[in-house]
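Okay, data_15.txt now, which holds compact mmCIF, C-alpha atoms:
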```
# COMPACT_ATOMS: atom_id res chain seq x y z
CA MET H 221 25.97 -24.12 45.42
CA ARG H 222 25.25 -27.78 44.69
CA PRO H 223 21.46 -27.21 44.37
CA LEU H 224 22.19 -24.38 41.94
CA LEU H 225 24.42 -26.63 39.83
CA CYS H 226 21.72 -29.28 39.83
CA LEU H 227 19.22 -26.70 38.67
CA PHE H 228 21.49 -25.68 35.80
CA GLY H 229 21.99 -29.34 34.93
CA LEU H 230 18.25 -29.95 34.86
CA ALA H 231 17.72 -26.88 32.69
CA GLY H 232 20.38 -28.12 30.28
CA ALA H 233 18.77 -31.53 30.11
CA LEU H 234 15.35 -30.03 29.40
CA TRP H 235 16.83 -27.78 26.70
CA SER H 236 18.48 -30.78 25.05
CA PHE H 237 15.27 -32.82 25.25
CA ASN H 238 13.32 -30.09 23.50
CA VAL H 239 15.88 -28.87 20.99
CA VAL H 240 17.90 -31.93 19.93
CA PRO H 241 14.99 -33.39 17.90
CA LEU H 242 14.92 -30.12 15.98
CA PHE H 243 18.65 -30.33 15.33
CA TRP H 244 18.08 -33.86 14.03
CA LEU H 245 15.31 -32.69 11.71
CA ASP H 246 16.96 -29.42 10.72
CA ALA H 247 19.51 -30.79 8.22
CA PRO H 248 17.15 -32.99 6.17
CA ALA H 249 14.46 -30.31 6.26
CA GLU H 250 16.87 -27.73 4.88
CA ASP H 251 18.03 -30.17 2.20
CA VAL H 252 14.45 -30.71 1.05
CA ALA H 253 13.75 -26.97 1.14
CA ALA H 254 16.85 -26.29 -0.96
CA ARG H 255 15.68 -28.81 -3.55
CA ILE H 256 12.24 -27.20 -3.63
CA LEU H 257 13.77 -23.76 -4.13
CA ILE H 258 15.55 -24.94 -7.28
CA ASN H 259 12.24 -26.42 -8.43
CA ASP H 260 12.98 -30.11 -7.92
CA ARG H 261 9.80 -32.15 -8.14
CA PHE H 262 8.50 -34.49 -5.45
CA LYS H 263 5.76 -37.09 -5.55
CA PRO H 264 2.72 -36.04 -3.46
CA ASP H 265 3.23 -39.01 -1.14
CA THR H 266 6.83 -37.96 -0.55
CA LEU H 267 5.80 -34.45 0.48
CA THR H 268 3.14 -35.88 2.78
CA ASP H 269 5.74 -38.09 4.44
CA ILE H 270 8.17 -35.18 4.83
CA LEU H 271 5.47 -33.02 6.42
CA ALA H 272 4.56 -35.82 8.81
CA ARG H 273 8.19 -36.16 9.90
CA LEU H 274 8.52 -32.42 10.39
CA SER H 275 5.35 -32.34 12.47
CA GLU H 276 6.71 -35.08 14.73
CA GLY H 277 9.50 -32.79 15.91
CA LYS H 278 8.86 -31.43 19.38
CA THR H 279 8.15 -27.72 19.50
CA SER H 280 11.01 -26.05 21.31
CA THR H 281 10.89 -22.89 23.34
CA ILE H 282 13.88 -21.91 21.20
CA LEU H 283 12.55 -22.55 17.71
CA MET H 284 15.36 -22.46 15.19
CA PRO H 285 14.87 -20.00 12.31
CA ALA H 286 16.32 -22.37 9.69
CA PHE H 287 13.97 -25.16 10.70
CA ALA H 288 10.95 -22.83 10.66
CA ARG H 289 11.94 -21.58 7.22
CA ALA H 290 12.41 -25.08 5.83
CA LYS H 291 9.07 -26.20 7.23
CA ALA H 292 7.36 -23.20 5.63
CA VAL H 293 8.93 -23.95 2.24
CA VAL H 294 7.82 -27.60 2.36
CA ASN H 295 4.29 -26.58 3.35
CA ILE H 296 4.15 -24.11 0.47
CA ARG H 297 5.14 -26.75 -2.06
CA ALA H 298 2.61 -29.19 -0.60
CA ALA H 299 -0.13 -26.55 -0.85
CA GLU H 300 0.83 -25.78 -4.46
CA GLU H 301 0.69 -29.45 -5.42
CA VAL H 302 -2.66 -29.96 -3.71
CA THR H 303 -4.08 -26.86 -5.41
CA LYS H 304 -2.99 -28.17 -8.82
CA SER H 305 -4.72 -31.46 -8.10
CA ALA H 306 -7.92 -29.68 -7.02
CA PHE H 307 -8.20 -31.75 -3.83
CA GLN H 308 -11.08 -30.79 -1.59
CA ASP H 309 -8.74 -29.92 1.29
CA GLY H 310 -6.76 -27.41 -0.79
CA ASP H 311 -7.95 -24.53 1.39
CA HIS H 312 -6.71 -26.33 4.48
CA TYR H 313 -3.25 -26.77 2.98
CA MET H 314 -3.17 -23.09 2.02
CA ASP H 315 -4.22 -22.10 5.54
CA VAL H 316 -1.39 -24.16 6.99
CA ALA H 317 1.13 -22.86 4.45
CA GLU H 318 0.25 -19.22 5.13
CA ALA H 319 0.46 -19.75 8.89
CA GLN H 320 3.85 -21.44 8.53
CA VAL H 321 5.20 -18.63 6.35
CA ARG H 322 4.06 -15.97 8.82
CA SER H 323 5.58 -17.92 11.69
CA ALA H 324 8.87 -18.33 9.81
CA LEU H 325 8.95 -14.62 8.97
CA ASN H 326 8.74 -13.78 12.66
CA LEU H 327 12.05 -15.61 13.02
CA ASN H 328 13.49 -14.64 9.61
CA PRO H 329 12.28 -11.07 8.97
CA HIS H 330 14.96 -10.43 6.34
CA ASP H 331 14.22 -13.52 4.25
CA SER H 332 13.26 -12.29 0.79
CA PHE H 333 11.92 -15.66 -0.33
CA LEU H 334 9.46 -15.87 2.56
CA TRP H 335 8.14 -12.38 1.78
CA LEU H 336 7.68 -13.49 -1.82
CA MET H 337 5.85 -16.62 -0.73
CA LEU H 338 3.53 -14.66 1.54
CA TYR H 339 2.63 -12.46 -1.43
CA SER H 340 2.22 -15.50 -3.68
CA VAL H 341 0.01 -17.40 -1.24
CA ASP H 342 -2.23 -14.38 -0.72
CA THR H 343 -2.53 -13.78 -4.48
CA THR H 344 -3.32 -17.44 -5.13
CA ARG H 345 -6.05 -17.42 -2.51
CA ASN H 346 -7.57 -13.97 -2.94
CA GLY H 347 -6.48 -12.70 -6.34
CA PHE H 348 -4.44 -9.59 -7.09
CA ASN H 349 -4.64 -6.93 -4.40
CA LEU H 350 -2.84 -3.58 -4.58
CA ALA H 351 -2.72 -3.46 -0.81
CA LYS H 352 -0.52 -6.58 -0.75
CA LEU H 353 2.18 -5.25 -3.06
CA ASP H 354 4.15 -4.13 -0.03
CA LEU H 355 4.94 -7.83 0.50
CA LEU H 356 6.57 -7.95 -2.92
CA ASP H 357 8.33 -4.65 -2.21
CA GLN H 358 9.69 -6.17 1.00
CA SER H 359 10.98 -9.22 -0.87
CA TYR H 360 13.05 -7.01 -3.17
CA ALA H 361 14.14 -4.74 -0.33
CA THR H 362 15.53 -7.66 1.70
CA GLY H 363 17.14 -9.53 -1.21
CA PRO H 364 17.19 -7.64 -4.52
CA LEU H 365 19.62 -9.88 -6.40
CA GLU H 366 19.35 -13.57 -5.52
CA GLY H 367 19.48 -15.81 -8.57
CA TRP H 368 17.54 -18.77 -7.21
CA ILE H 369 14.73 -16.48 -6.00
CA ALA H 370 14.66 -14.69 -9.35
CA LEU H 371 13.53 -17.89 -11.06
CA ARG H 372 10.13 -17.44 -9.44
CA ARG H 373 10.03 -13.82 -8.33
CA ASN H 374 10.80 -12.11 -11.64
CA ARG H 375 7.84 -13.76 -13.35
CA ILE H 376 5.51 -12.95 -10.45
CA ALA H 377 6.67 -9.34 -10.32
CA LEU H 378 6.28 -8.82 -14.07
CA ASN H 379 2.63 -9.80 -13.71
CA ALA H 380 2.18 -6.74 -11.50
CA PHE H 381 4.85 -4.53 -13.10
CA PRO H 382 2.80 -1.38 -13.91
CA THR H 383 1.44 -1.21 -10.37
CA LEU H 384 4.80 -1.51 -8.61
CA THR H 385 6.69 1.40 -7.09
CA ARG H 386 9.47 2.90 -9.21
CA ALA H 387 12.06 1.45 -6.86
CA THR H 388 10.65 -2.06 -7.15
CA GLN H 389 10.28 -1.74 -10.93
CA ALA H 390 13.97 -0.86 -11.11
CA SER H 391 14.75 -3.95 -9.02
CA VAL H 392 12.68 -6.14 -11.35
CA LEU H 393 14.56 -4.83 -14.39
CA SER H 394 17.92 -5.35 -12.67
CA GLU H 395 16.87 -8.85 -11.66
CA PHE H 396 16.00 -9.70 -15.27
CA ALA H 397 19.44 -8.53 -16.39
CA GLU H 398 21.08 -10.55 -13.62
CA MET H 399 19.24 -13.66 -14.77
CA ILE H 400 20.82 -13.29 -18.20
CA ASP H 401 24.22 -12.59 -16.68
CA ALA H 402 23.84 -15.73 -14.55
CA ASN H 403 23.16 -17.77 -17.69
CA LEU H 404 19.50 -18.33 -16.84
CA ILE H 405 18.83 -17.58 -20.49
CA GLU H 406 15.88 -19.88 -21.12
CA GLU H 407 14.07 -18.62 -18.03
CA ALA H 408 14.76 -14.98 -18.86
CA ALA H 409 13.58 -15.48 -22.44
CA ALA H 410 10.37 -17.11 -21.18
CA ASN H 411 9.72 -14.13 -18.90
CA LEU H 412 10.42 -11.67 -21.70
CA THR H 413 8.18 -13.34 -24.27
CA GLY H 414 5.49 -14.24 -21.73
CA VAL H 415 4.38 -12.06 -18.83
CA GLY H 416 7.00 -9.41 -19.62
CA TRP H 417 6.24 -8.89 -23.30
CA ALA H 418 4.41 -5.59 -22.71
CA TRP H 419 7.55 -4.31 -20.96
CA ARG H 420 10.09 -5.76 -23.41
CA GLU H 421 11.64 -2.40 -24.24
CA GLU H 422 12.29 -1.61 -20.58
CA LEU H 423 13.57 -5.13 -19.89
CA LEU H 424 15.96 -5.19 -22.84
CA ALA H 425 17.19 -1.65 -22.24
CA GLY H 426 18.43 -2.85 -18.87
CA VAL H 427 20.69 -5.58 -20.27
CA ASP H 428 23.19 -3.17 -21.82
CA LYS H 429 25.74 -3.87 -19.09
CA VAL H 430 25.32 -7.65 -19.22
CA ASP H 431 28.25 -9.66 -20.55
CA ILE H 432 28.17 -9.58 -24.36
CA ALA H 433 28.38 -13.37 -24.61
CA SER H 434 25.26 -13.69 -22.45
CA ARG H 435 23.42 -11.18 -24.63
CA GLN H 436 24.40 -13.17 -27.70
CA ARG H 437 23.04 -16.34 -26.10
CA LEU H 438 19.78 -14.55 -25.37
CA ALA H 439 19.59 -13.40 -28.99
CA LYS H 440 20.14 -16.97 -30.15
CA VAL H 441 17.37 -18.35 -27.93
CA LEU H 442 14.93 -15.65 -29.05
CA SER H 443 15.84 -16.25 -32.69
CA ARG H 444 15.23 -19.96 -32.25
CA ASP H 445 11.73 -19.14 -31.04
CA GLY H 446 11.09 -16.71 -33.90
CA ILE H 447 11.23 -13.59 -31.70
CA LYS H 448 12.79 -10.47 -33.20
CA VAL H 449 13.73 -7.72 -30.76
CA ARG H 450 16.51 -5.17 -30.46
CA ILE H 451 19.12 -6.23 -27.90
CA PRO H 452 21.62 -3.55 -26.84
CA GLY H 453 25.09 -4.15 -28.22
CA ILE H 454 24.03 -6.85 -30.66
CA GLU H 455 24.37 -5.54 -34.19
CA GLU H 456 22.12 -6.73 -36.99
CA SER H 457 25.02 -8.61 -38.57
CA GLU H 458 25.68 -10.45 -35.30
CA ARG H 459 22.12 -11.60 -34.81
CA PRO H 460 21.43 -15.22 -35.64
CA TRP H 461 18.45 -14.44 -37.87
```

Just give me the structure as structure tokens.
Amino acid sequence: MRPLLCLFGLAGALWSFNVVPLFWLDAPAEDVAARILINDRFKPDTLTDILARLSEGKTSTILMPAFARAKAVVNIRAAEEVTKSAFQDGDHYMDVAEAQVRSALNLNPHDSFLWLMLYSVDTTRNGFNLAKLDLLDQSYATGPLEGWIALRRNRIALNAFPTLTRATQASVLSEFAEMIDANLIEEAAANLTGVGWAWREELLAGVDKVDIASRQRLAKVLSRDGIKVRIPGIEESERPW
């Protein structure tokens, strides 16, 4: 019995040795990932330092999904920043980011943001590909209405809107309406007047159930920018133009 207890004790010690460093890294990694998701900006040197710290964590036989997700998000942002700067090792950063996203998805298969990022990374590297739209479909299927994801996803999806399935198109339209309802007015207006302009009638038709005050705020923002469109429930006399 005593040898068995010793064996269990040794196993526990080994588990702690491997996993505790990940627990220690998990909280700050998730904090950084959360800031990235709301589009906080980091200096390139800061991201490099964060990645170095994450890489120092020992790889556990029980890799925590939250840590893997956070690491993938940080790698994505680092790759995006490097690509913008046109560094010569941009391809390397993209390779690492894609590998991290795929690894994180193995542990977080229902994470809509990771599916979106896999689609985004592939599109950035290889251009638009109809065969990859299932990644975008999967993002909407696993998380159709998530405000912080909508900030990035709605714009990306509108770029591919006519090629999406009917179900995903409906999700994109609902997401746009939810952005307005969540008071993300400036972002929704930018999507409407930018990549979504060709689909403005469909987008605006879907806001009929949005809170009237939110629709009025949208009308005000569009008027400020000199954009005249018909918004459901906003009469001509109510419009600020």

Identify, on the basis of only C-alpha atoms, every residue whose closest approach to Arg322 in chain H does not exceed 12 Å; exclude the query and any residue fewer than 6 positions from it along the same chain; express the result as JSON, numbers by chain.
{"H": [288, 289, 291, 292, 293, 295, 296, 315, 316, 328, 329, 331, 334, 335, 336, 337, 338, 339, 341, 342, 355]}

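Between Gln389 in chain H and the residues H:Asp401, H:Pro364, H:Asn411, H:Lys352, the shortest atom-to-atom distance, using all atoms listed in the file, involves H:Pro364.
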
Å distance separating CA of Leu393 in chain H from CA of Ala425 in chain H, one decimal place:
8.9 Å

Calculate how many Å separate CA of Ala324 in chain H from CA of Ile369 in chain H, rounding to one decimal.
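Between CA of Ala324 in chain H and CA of Ile369 in chain H the gap is 17.0 Å.
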
Identify which of the residues H:Leu442, H:Ala410, H:Val449, H:Val392 lies closest to Leu424 in chain H, counting all atoms listed in the file when measuring atom-to-atom distances.
H:Val449

Distance of CA of Ala380 in chain H from CA of Leu350 in chain H, expressed in Å to one decimal place:
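Here the two named atoms are 9.1 Å from each other.
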
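Of the residues under consideration (H:Gly347, H:Pro452, H:Gly363, H:Gly414), H:Gly414 shows the shortest atom-to-atom contact distance to Leu378 in chain H when counting only C-alpha atoms.
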
Go through H:Ser323, H:Ser340, H:Ser332, H:Ser434 and flag the residue nearest Trp368 in chain H, using only C-alpha atoms for the distances.
H:Ser332

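For Phe396 in chain H, the non-local neighbours within 7 Å, defined as residues at least 2 positions apart in the same chain or in other chains and counting all atoms listed in the file, are Asn374, Val392, Leu393, Ser394, Glu398, Met399, Ile400, Ala408 and Leu423 of chain H.
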